[in-house]
>>> print(open('final14.cif').read())   # mmCIF, C-alpha atoms
data_data
#
loop_
_atom_site.label_atom_id
_atom_site.label_comp_id
_atom_site.auth_asym_id
_atom_site.auth_seq_id
_atom_site.Cartn_x
_atom_site.Cartn_y
_atom_site.Cartn_z
CA MET A 1 73.96 89.62 90.68
CA GLU A 2 76.54 92.39 90.89
CA ILE A 3 80.00 92.15 89.37
CA ALA A 4 82.73 93.58 91.62
CA PHE A 5 83.99 96.24 89.21
CA ASP A 6 85.03 98.44 92.13
CA LYS A 7 87.58 95.92 93.39
CA SER A 8 90.33 96.82 90.95
CA GLY A 9 89.80 100.27 89.57
CA GLY A 10 86.63 99.58 87.64
CA LEU A 11 87.99 96.68 85.59
CA VAL A 12 87.58 92.94 85.88
CA PRO A 13 89.54 90.34 83.93
CA ALA A 14 87.51 88.44 81.34
CA ILE A 15 88.81 85.07 80.19
CA ILE A 16 87.71 84.19 76.66
CA GLN A 17 87.26 80.46 76.07
CA ASP A 18 86.24 78.73 72.85
CA ASN A 19 82.83 77.21 73.55
CA ALA A 20 83.38 74.26 71.23
CA SER A 21 86.99 73.26 71.91
CA GLY A 22 87.52 74.60 75.42
CA GLU A 23 90.70 76.36 74.27
CA VAL A 24 91.48 79.55 76.18
CA LEU A 25 91.78 82.19 73.48
CA MET A 26 92.70 85.39 75.29
CA LEU A 27 92.20 87.54 78.33
CA GLY A 28 90.90 91.09 78.28
CA PHE A 29 89.50 93.53 80.79
CA MET A 30 85.96 94.87 81.03
CA ASN A 31 84.49 97.89 82.74
CA VAL A 32 80.76 98.24 83.43
CA GLU A 33 80.05 99.74 80.03
CA SER A 34 81.93 97.13 77.99
CA PHE A 35 80.34 94.36 80.06
CA GLU A 36 76.86 95.73 79.41
CA LEU A 37 77.59 96.15 75.70
CA THR A 38 78.87 92.57 75.57
CA ARG A 39 75.70 91.34 77.21
CA ARG A 40 73.36 93.46 75.13
CA THR A 41 74.95 92.90 71.72
CA GLY A 42 76.07 89.29 72.21
CA GLU A 43 79.56 90.16 70.95
CA VAL A 44 82.58 90.74 73.16
CA VAL A 45 83.57 94.34 73.93
CA PHE A 46 86.60 94.94 76.15
CA PHE A 47 88.03 98.02 77.76
CA SER A 48 91.53 98.66 76.43
CA ARG A 49 93.85 99.65 79.25
CA SER A 50 96.52 100.91 76.85
CA ARG A 51 94.14 103.08 74.83
CA ASN A 52 91.81 103.85 77.73
CA GLN A 53 88.70 103.27 75.66
CA LEU A 54 86.13 100.67 74.68
CA TRP A 55 87.49 98.03 72.33
CA LYS A 56 85.06 95.95 70.32
CA LYS A 57 87.00 92.82 69.49
CA GLY A 58 86.93 92.25 65.75
CA GLU A 59 85.65 95.70 64.89
CA SER A 60 88.19 96.13 62.10
CA SER A 61 89.30 92.53 61.50
CA GLY A 62 85.82 91.06 61.46
CA HIS A 63 87.01 88.44 63.95
CA VAL A 64 84.25 89.06 66.43
CA LEU A 65 83.57 86.85 69.43
CA LYS A 66 79.97 85.70 69.70
CA VAL A 67 78.95 85.14 73.29
CA ALA A 68 77.70 81.66 74.13
CA ASP A 69 77.76 81.86 77.94
CA VAL A 70 78.85 84.32 80.63
CA ARG A 71 80.17 82.82 83.84
CA VAL A 72 81.11 84.59 87.04
CA ASP A 73 83.49 83.36 89.72
CA CYS A 74 82.76 82.89 93.42
CA ASP A 75 83.89 86.40 94.35
CA ALA A 76 82.23 87.99 91.28
CA ASP A 77 85.53 89.64 90.40
CA ALA A 78 86.45 87.60 87.32
CA LEU A 79 84.49 86.61 84.21
CA LEU A 80 84.69 83.53 82.02
CA ILE A 81 83.07 84.21 78.66
CA ARG A 82 82.54 81.22 76.44
CA VAL A 83 82.41 82.26 72.81
CA ASN A 84 81.94 81.08 69.27
CA PRO A 85 84.74 82.94 67.51
CA VAL A 86 84.26 84.24 63.97
CA GLY A 87 87.33 83.89 61.77
CA PRO A 88 90.61 82.00 62.00
CA GLY A 89 91.97 83.44 65.23
CA VAL A 90 91.91 86.14 67.87
CA CYS A 91 95.59 87.01 68.19
CA HIS A 92 97.10 90.02 66.43
CA GLU A 93 100.15 87.86 65.76
CA GLY A 94 98.09 85.52 63.58
CA TYR A 95 97.34 82.66 65.96
CA ARG A 96 94.03 81.15 66.98
CA SER A 97 94.82 81.84 70.64
CA CYS A 98 96.94 84.58 72.18
CA PHE A 99 98.43 81.88 74.44
CA PHE A 100 100.52 80.30 71.68
CA ARG A 101 103.75 80.13 73.67
CA SER A 102 104.87 77.87 76.48
CA LEU A 103 107.69 78.71 78.87
CA ASN A 104 110.35 76.09 79.45
CA HIS A 105 112.21 75.66 82.72
CA GLU A 106 114.91 78.11 81.70
CA GLY A 107 112.26 80.76 81.04
CA SER A 108 112.54 80.87 77.28
CA ALA A 109 109.44 80.55 75.12
CA ARG A 110 108.51 77.84 72.68
CA ILE A 111 105.81 78.41 70.08
CA LEU A 112 103.16 75.68 70.34
CA ALA A 113 100.85 76.51 67.47
CA GLU A 114 100.88 77.21 63.76
CA ARG A 115 99.72 80.57 62.48
CA THR A 116 96.14 80.39 61.20
CA PHE A 117 96.22 83.68 59.30
CA SER A 118 98.58 86.41 58.16
CA PRO A 119 98.56 89.23 60.68
CA ASP A 120 99.89 91.66 58.06
CA ALA A 121 96.84 91.07 55.89
CA VAL A 122 94.35 91.42 58.73
CA TYR A 123 96.09 94.15 60.73
CA PRO A 124 97.99 96.32 58.19
CA SER A 125 100.69 98.07 60.16
CA LYS A 126 100.06 101.50 58.65
CA SER A 127 96.33 101.56 59.17
CA PRO A 128 94.45 102.46 62.34
CA SER A 129 93.27 98.87 62.53
CA ALA A 130 96.77 97.84 63.55
CA ASN A 131 95.69 98.96 66.97
CA GLU A 132 92.62 96.82 66.96
CA ALA A 133 94.40 93.92 68.60
CA LYS A 134 95.39 94.61 72.14
CA MET B 1 111.29 86.04 78.00
CA GLU B 2 110.11 88.77 80.34
CA ILE B 3 106.62 88.92 81.81
CA ALA B 4 105.14 92.44 81.86
CA PHE B 5 104.62 92.70 85.61
CA ASP B 6 105.09 96.46 85.45
CA LYS B 7 102.02 96.95 83.25
CA SER B 8 99.44 96.79 86.04
CA GLY B 9 101.06 97.54 89.35
CA GLY B 10 103.27 94.50 89.56
CA LEU B 11 100.54 91.92 89.06
CA VAL B 12 99.47 89.85 86.08
CA PRO B 13 96.32 87.73 85.86
CA ALA B 14 96.93 83.98 85.82
CA ILE B 15 94.22 81.75 84.39
CA ILE B 16 94.21 78.27 85.89
CA GLN B 17 93.03 75.55 83.51
CA ASP B 18 92.69 71.84 84.21
CA ASN B 19 95.27 70.14 82.02
CA ALA B 20 93.18 67.01 81.54
CA SER B 21 89.67 68.37 81.02
CA GLY B 22 90.35 71.89 79.76
CA GLU B 23 87.99 73.30 82.37
CA VAL B 24 88.89 76.79 83.55
CA LEU B 25 89.16 76.45 87.32
CA MET B 26 89.94 79.92 88.60
CA LEU B 27 91.80 83.16 88.04
CA GLY B 28 94.37 84.60 90.40
CA PHE B 29 97.06 87.25 90.24
CA MET B 30 100.81 86.78 90.40
CA ASN B 31 103.65 89.14 91.19
CA VAL B 32 107.26 88.35 90.30
CA GLU B 33 107.87 86.46 93.52
CA SER B 34 104.78 84.26 93.33
CA PHE B 35 105.49 83.56 89.67
CA GLU B 36 109.05 82.48 90.45
CA LEU B 37 107.87 80.33 93.35
CA THR B 38 105.30 78.71 91.09
CA ARG B 39 107.96 77.95 88.52
CA ARG B 40 110.51 76.70 91.02
CA THR B 41 108.23 74.56 93.16
CA GLY B 42 105.88 73.32 90.43
CA GLU B 43 102.86 74.28 92.53
CA VAL B 44 100.78 77.41 92.04
CA VAL B 45 101.46 80.39 94.30
CA PHE B 46 99.38 83.54 93.83
CA PHE B 47 99.61 87.01 95.26
CA SER B 48 96.46 87.78 97.24
CA ARG B 49 95.27 91.31 96.52
CA SER B 50 92.93 91.34 99.52
CA ARG B 51 95.57 90.15 102.00
CA ASN B 52 98.50 91.77 100.18
CA GLN B 53 100.69 88.71 100.57
CA LEU B 54 101.81 85.52 98.87
CA TRP B 55 99.11 82.87 98.75
CA LYS B 56 100.09 79.29 98.16
CA LYS B 57 96.96 77.68 96.79
CA GLY B 58 96.11 74.62 98.86
CA GLU B 59 98.48 75.43 101.70
CA SER B 60 95.86 74.67 104.32
CA SER B 61 93.33 72.64 102.33
CA GLY B 62 95.86 70.39 100.64
CA HIS B 63 94.20 71.19 97.31
CA VAL B 64 97.40 72.25 95.60
CA LEU B 65 97.66 72.89 91.88
CA LYS B 66 100.50 71.02 90.21
CA VAL B 67 101.85 72.89 87.23
CA ALA B 68 101.74 71.05 83.92
CA ASP B 69 102.47 73.93 81.56
CA VAL B 70 102.96 77.69 81.73
CA ARG B 71 101.76 79.70 78.75
CA VAL B 72 102.21 83.38 78.08
CA ASP B 73 100.08 85.57 75.86
CA CYS B 74 101.23 87.70 72.92
CA ASP B 75 101.76 90.79 75.05
CA ALA B 76 103.31 88.82 77.93
CA ASP B 77 100.84 90.43 80.32
CA ALA B 78 98.65 87.41 81.05
CA LEU B 79 99.44 83.84 82.04
CA LEU B 80 97.65 80.59 81.31
CA ILE B 81 98.75 77.90 83.72
CA ARG B 82 97.65 74.39 82.94
CA VAL B 83 97.50 72.29 86.09
CA ASN B 84 96.81 68.88 87.51
CA PRO B 85 94.72 69.77 90.55
CA VAL B 86 95.02 67.74 93.74
CA GLY B 87 91.71 67.16 95.53
CA PRO B 88 88.07 67.55 94.58
CA GLY B 89 88.00 71.24 93.74
CA VAL B 90 89.60 74.67 93.93
CA CYS B 91 86.68 76.84 95.03
CA HIS B 92 86.20 77.87 98.65
CA GLU B 93 82.48 77.36 98.09
CA GLY B 94 82.99 73.66 97.46
CA TYR B 95 82.98 73.47 93.67
CA ARG B 96 85.55 72.04 91.29
CA SER B 97 85.78 75.40 89.50
CA CYS B 98 85.24 78.91 90.86
CA PHE B 99 83.25 79.61 87.68
CA PHE B 100 80.24 77.55 88.74
CA ARG B 101 77.63 80.16 87.90
CA SER B 102 76.23 81.37 84.60
CA LEU B 103 74.46 84.69 84.12
CA ASN B 104 71.15 84.68 82.32
CA HIS B 105 69.89 87.54 80.18
CA GLU B 106 68.24 89.24 83.13
CA GLY B 107 71.56 89.22 85.00
CA SER B 108 70.68 86.66 87.64
CA ALA B 109 72.92 83.70 88.29
CA ARG B 110 72.25 80.04 87.77
CA ILE B 111 74.43 77.40 89.42
CA LEU B 112 75.78 75.00 86.78
CA ALA B 113 77.66 72.47 88.88
CA GLU B 114 77.23 70.19 91.85
CA ARG B 115 79.38 70.70 94.92
CA THR B 116 82.30 68.27 94.98
CA PHE B 117 83.18 68.77 98.63
CA SER B 118 81.93 70.41 101.80
CA PRO B 119 83.51 73.83 102.17
CA ASP B 120 82.80 73.81 105.93
CA ALA B 121 84.93 70.71 106.38
CA VAL B 122 87.81 71.98 104.28
CA TYR B 123 87.71 75.64 105.27
CA PRO B 124 86.40 75.81 108.86
CA SER B 125 85.02 79.29 109.31
CA LYS B 126 86.69 79.89 112.68
CA SER B 127 90.16 78.78 111.69
CA PRO B 128 92.81 80.83 109.90
CA SER B 129 92.45 78.49 106.94
CA ALA B 130 89.08 80.04 106.20
CA ASN B 131 91.12 82.74 104.52
CA GLU B 132 93.02 80.29 102.39
CA ALA B 133 90.57 80.56 99.55
CA LYS B 134 90.58 83.92 97.89
#
>>> encode(input="final14.cif", output="structure tokens")
Amino acid sequence: MEIAFDKSGGLVPAIIQDNASGEVLMLGFMNVESFELTRRTGEVVFFSRSRNQLWKKGESSGHVLKVADVRVDCDADALLIRVNPVGPGVCHEGYRSCFFRSLNHEGSARILAERTFSPDAVYPSKSPSANEAK
Amino acid sequence: MEIAFDKSGGLVPAIIQDNASGEVLMLGFMNVESFELTRRTGEVVFFSRSRNQLWKKGESSGHVLKVADVRVDCDADALLIRVNPVGPGVCHEGYRSCFFRSLNHEGSARILAERTFSPDAVYPSKSPSANEAK
């Protein structure tokens, strides 16, 4: 089946869900090339909108996302990728999931989770790998 | 906190996850107005890219999505909305989740789920409500 990459400028959103726990870990975007690389290598590759280039998740941190299942929605314009994550977390702020904050009714954010690793150790701010996280 | 609506033409992706089961049900997009309506009313309102207008999920079908929690990712450019769904499913094809298909290695799709309702009964093809599902 064909994924509708043409629907929004060549990119489709890809939800990343932990295959064991069901936790939603992050959302990235994929173009045709990153989608094919993800499928062929079995590890998630996004397309970074800010850097306008392919972005292999975990390339510098080692926190790669091993693909367990690729699901497609009814309109084939969104992906749900179930993964077995390597390492303590996917978020460049040191959390297991990028969705570590909840909004209250007044619109302010409350942190729900504990950090699972030190982002400074994994993403040193002076090195190129600081850009590895989206 | 501010959501980064300006990052991709005024829209951010909103992942809809069942609050009880953890199942990812669908992905839609929100602009500022639909996000504020969602927050104020406690029921999910998207912005339909194809119809270029607000889209209250369940307006015609009755299958509304009651908001349990609103989470924001590290870059504030993606939303994870945990919901208590009303009705048997969110997908206009009659499934509980829009992500009812898995891709195999050859790229063909396999249906993972059973239909939970008849889409023809809920979304009659000749009525305006046929457009209610994205």
>>> closest_residue(input="final14.cif", among="B:Thr116, B:Gln53, B:Ser108, B:Ser21", to="chain A", atoms="all atoms listed in the file")
B:Ser108
>>> atom_distance(input="final14.cif", atom1="CA of Ile3 in chain A", atom2="CA of Arg49 in chain A")
18.7 Å
>>> resolve_selection(input="final14.cif", expression="the PyMOL selection byres ((chain A and resi 119) around 7)", output="ChimeraX atom specification")
/A:92-94,117-118,120-123
>>> closest_residue(input="final14.cif", among="B:Ala14, B:Phe5, B:Pro124, B:Tyr95", to="Leu112 in chain B", atoms="all atoms listed in the file")
B:Tyr95
>>> interface_residues(input="final14.cif", of="chain B", to="chain A", cutoff="8 Å", atoms="all atoms listed in the file", output="count of residues only")
32
>>> closest_residue(input="final14.cif", among="A:Val45, A:Glu33, A:Lys56, A:Val83", to="Ala68 in chain A", atoms="all atoms listed in the file")
A:Val83
>>> closest_residue(input="final14.cif", among="B:Ile16, B:Leu65, B:Ala113, B:Leu37", to="Arg82 in chain B", atoms="all atoms listed in the file")
B:Ile16
>>> atom_distance(input="final14.cif", atom1="CA of Ser48 in chain A", atom2="CA of Arg96 in chain A")
20.1 Å
>>> resolve_selection(input="final14.cif", expression="the PyMOL selection byres ((chain A and resi 10) around 10)", output="PDB file with C-alpha atoms, in the frame of the given file")
ATOM      1  CA  ALA A   4      82.730  93.580  91.620  1.00  0.00           C
ATOM      2  CA  PHE A   5      83.990  96.240  89.210  1.00  0.00           C
ATOM      3  CA  ASP A   6      85.030  98.440  92.130  1.00  0.00           C
ATOM      4  CA  LYS A   7      87.580  95.920  93.390  1.00  0.00           C
ATOM      5  CA  SER A   8      90.330  96.820  90.950  1.00  0.00           C
ATOM      6  CA  GLY A   9      89.800 100.270  89.570  1.00  0.00           C
ATOM      7  CA  LEU A  11      87.990  96.680  85.590  1.00  0.00           C
ATOM      8  CA  VAL A  12      87.580  92.940  85.880  1.00  0.00           C
ATOM      9  CA  PHE A  29      89.500  93.530  80.790  1.00  0.00           C
ATOM     10  CA  MET A  30      85.960  94.870  81.030  1.00  0.00           C
ATOM     11  CA  ASN A  31      84.490  97.890  82.740  1.00  0.00           C
ATOM     12  CA  VAL A  32      80.760  98.240  83.430  1.00  0.00           C
TER      13      VAL A  32
END
>>> residues_around(input="final14.cif", residues="Pro85 in chain B", least_positions_apart="6", cutoff="9 Å", atoms="all atoms listed in the file", output="list in words")
Asp18, Asn19, His63, Val64, Leu65, Lys66 and Val67 of chain B
>>> atom_distance(input="final14.cif", atom1="CA of Thr41 in chain A", atom2="CA of Glu59 in chain A")
13.0 Å
>>> decode(input="final14.cif", residues="range 2-27 of chain A", atoms="N, CA and C atoms", output="mmCIF file, in the first residue's frame")
data_model
loop_
_atom_site.group_PDB
_atom_site.id
_atom_site.type_symbol
_atom_site.label_atom_id
_atom_site.label_comp_id
_atom_site.auth_asym_id
_atom_site.auth_seq_id
_atom_site.Cartn_x
_atom_site.Cartn_y
_atom_site.Cartn_z
ATOM 1 N N GLU A 2 0.290 2.331 -0.500
ATOM 2 C CA GLU A 2 1.015 3.589 -0.634
ATOM 3 C C GLU A 2 0.734 4.501 0.563
ATOM 4 N N ILE A 3 1.783 5.121 1.077
ATOM 5 C CA ILE A 3 1.630 6.118 2.124
ATOM 6 C C ILE A 3 1.455 7.486 1.446
ATOM 7 N N ALA A 4 0.549 8.299 1.986
ATOM 8 C CA ALA A 4 0.203 9.574 1.342
ATOM 9 C C ALA A 4 1.208 10.676 1.701
ATOM 10 N N PHE A 5 2.444 10.498 1.218
ATOM 11 C CA PHE A 5 3.477 11.496 1.522
ATOM 12 C C PHE A 5 3.192 12.838 0.841
ATOM 13 N N ASP A 6 2.426 12.796 -0.253
ATOM 14 C CA ASP A 6 2.169 14.024 -0.998
ATOM 15 C C ASP A 6 1.165 14.950 -0.306
ATOM 16 N N LYS A 7 0.487 14.427 0.715
ATOM 17 C CA LYS A 7 -0.627 15.174 1.302
ATOM 18 C C LYS A 7 -0.163 16.405 2.083
ATOM 19 N N SER A 8 1.015 16.326 2.675
ATOM 20 C CA SER A 8 1.473 17.488 3.440
ATOM 21 C C SER A 8 2.952 17.728 3.196
ATOM 22 N N GLY A 9 3.256 18.068 1.963
ATOM 23 C CA GLY A 9 4.604 18.486 1.614
ATOM 24 C C GLY A 9 5.651 17.401 1.725
ATOM 25 N N GLY A 10 5.255 16.164 1.517
ATOM 26 C CA GLY A 10 6.246 15.085 1.505
ATOM 27 C C GLY A 10 6.512 14.444 2.848
ATOM 28 N N LEU A 11 5.862 14.940 3.901
ATOM 29 C CA LEU A 11 6.108 14.410 5.243
ATOM 30 C C LEU A 11 4.833 13.863 5.864
ATOM 31 N N VAL A 12 4.965 12.760 6.567
ATOM 32 C CA VAL A 12 3.841 12.262 7.367
ATOM 33 C C VAL A 12 4.290 12.163 8.829
ATOM 34 N N PRO A 13 3.360 12.428 9.749
ATOM 35 C CA PRO A 13 3.707 12.271 11.165
ATOM 36 C C PRO A 13 3.830 10.791 11.519
ATOM 37 N N ALA A 14 4.821 10.486 12.347
ATOM 38 C CA ALA A 14 5.044 9.112 12.798
ATOM 39 C C ALA A 14 5.039 9.099 14.331
ATOM 40 N N ILE A 15 4.024 8.470 14.880
ATOM 41 C CA ILE A 15 3.922 8.320 16.328
ATOM 42 C C ILE A 15 4.816 7.160 16.739
ATOM 43 N N ILE A 16 5.616 7.354 17.770
ATOM 44 C CA ILE A 16 6.470 6.281 18.276
ATOM 45 C C ILE A 16 5.914 5.799 19.610
ATOM 46 N N GLN A 17 5.543 4.520 19.640
ATOM 47 C CA GLN A 17 4.931 3.934 20.844
ATOM 48 C C GLN A 17 5.778 2.767 21.335
ATOM 49 N N ASP A 18 5.999 2.714 22.636
ATOM 50 C CA ASP A 18 6.743 1.597 23.227
ATOM 51 C C ASP A 18 5.930 0.314 23.049
ATOM 52 N N ASN A 19 6.542 -0.685 22.431
ATOM 53 C CA ASN A 19 5.807 -1.910 22.113
ATOM 54 C C ASN A 19 5.450 -2.719 23.351
ATOM 55 N N ALA A 20 6.244 -2.563 24.401
ATOM 56 C CA ALA A 20 5.976 -3.345 25.615
ATOM 57 C C ALA A 20 4.975 -2.637 26.518
ATOM 58 N N SER A 21 5.174 -1.355 26.766
ATOM 59 C CA SER A 21 4.351 -0.652 27.760
ATOM 60 C C SER A 21 3.162 0.080 27.153
ATOM 61 N N GLY A 22 3.211 0.350 25.851
ATOM 62 C CA GLY A 22 2.154 1.135 25.229
ATOM 63 C C GLY A 22 2.337 2.639 25.405
ATOM 64 N N GLU A 23 3.391 3.043 26.107
ATOM 65 C CA GLU A 23 3.622 4.479 26.308
ATOM 66 C C GLU A 23 3.964 5.152 24.973
ATOM 67 N N VAL A 24 3.363 6.313 24.728
ATOM 68 C CA VAL A 24 3.732 7.088 23.548
ATOM 69 C C VAL A 24 5.014 7.838 23.881
ATOM 70 N N LEU A 25 6.050 7.602 23.085
ATOM 71 C CA LEU A 25 7.373 8.135 23.416
ATOM 72 C C LEU A 25 7.674 9.469 22.748
ATOM 73 N N MET A 26 7.264 9.607 21.505
ATOM 74 C CA MET A 26 7.551 10.840 20.771
ATOM 75 C C MET A 26 6.798 10.847 19.460
ATOM 76 N N LEU A 27 6.873 11.971 18.780
ATOM 77 C CA LEU A 27 6.339 12.065 17.433
ATOM 78 C C LEU A 27 7.394 12.717 16.555
#
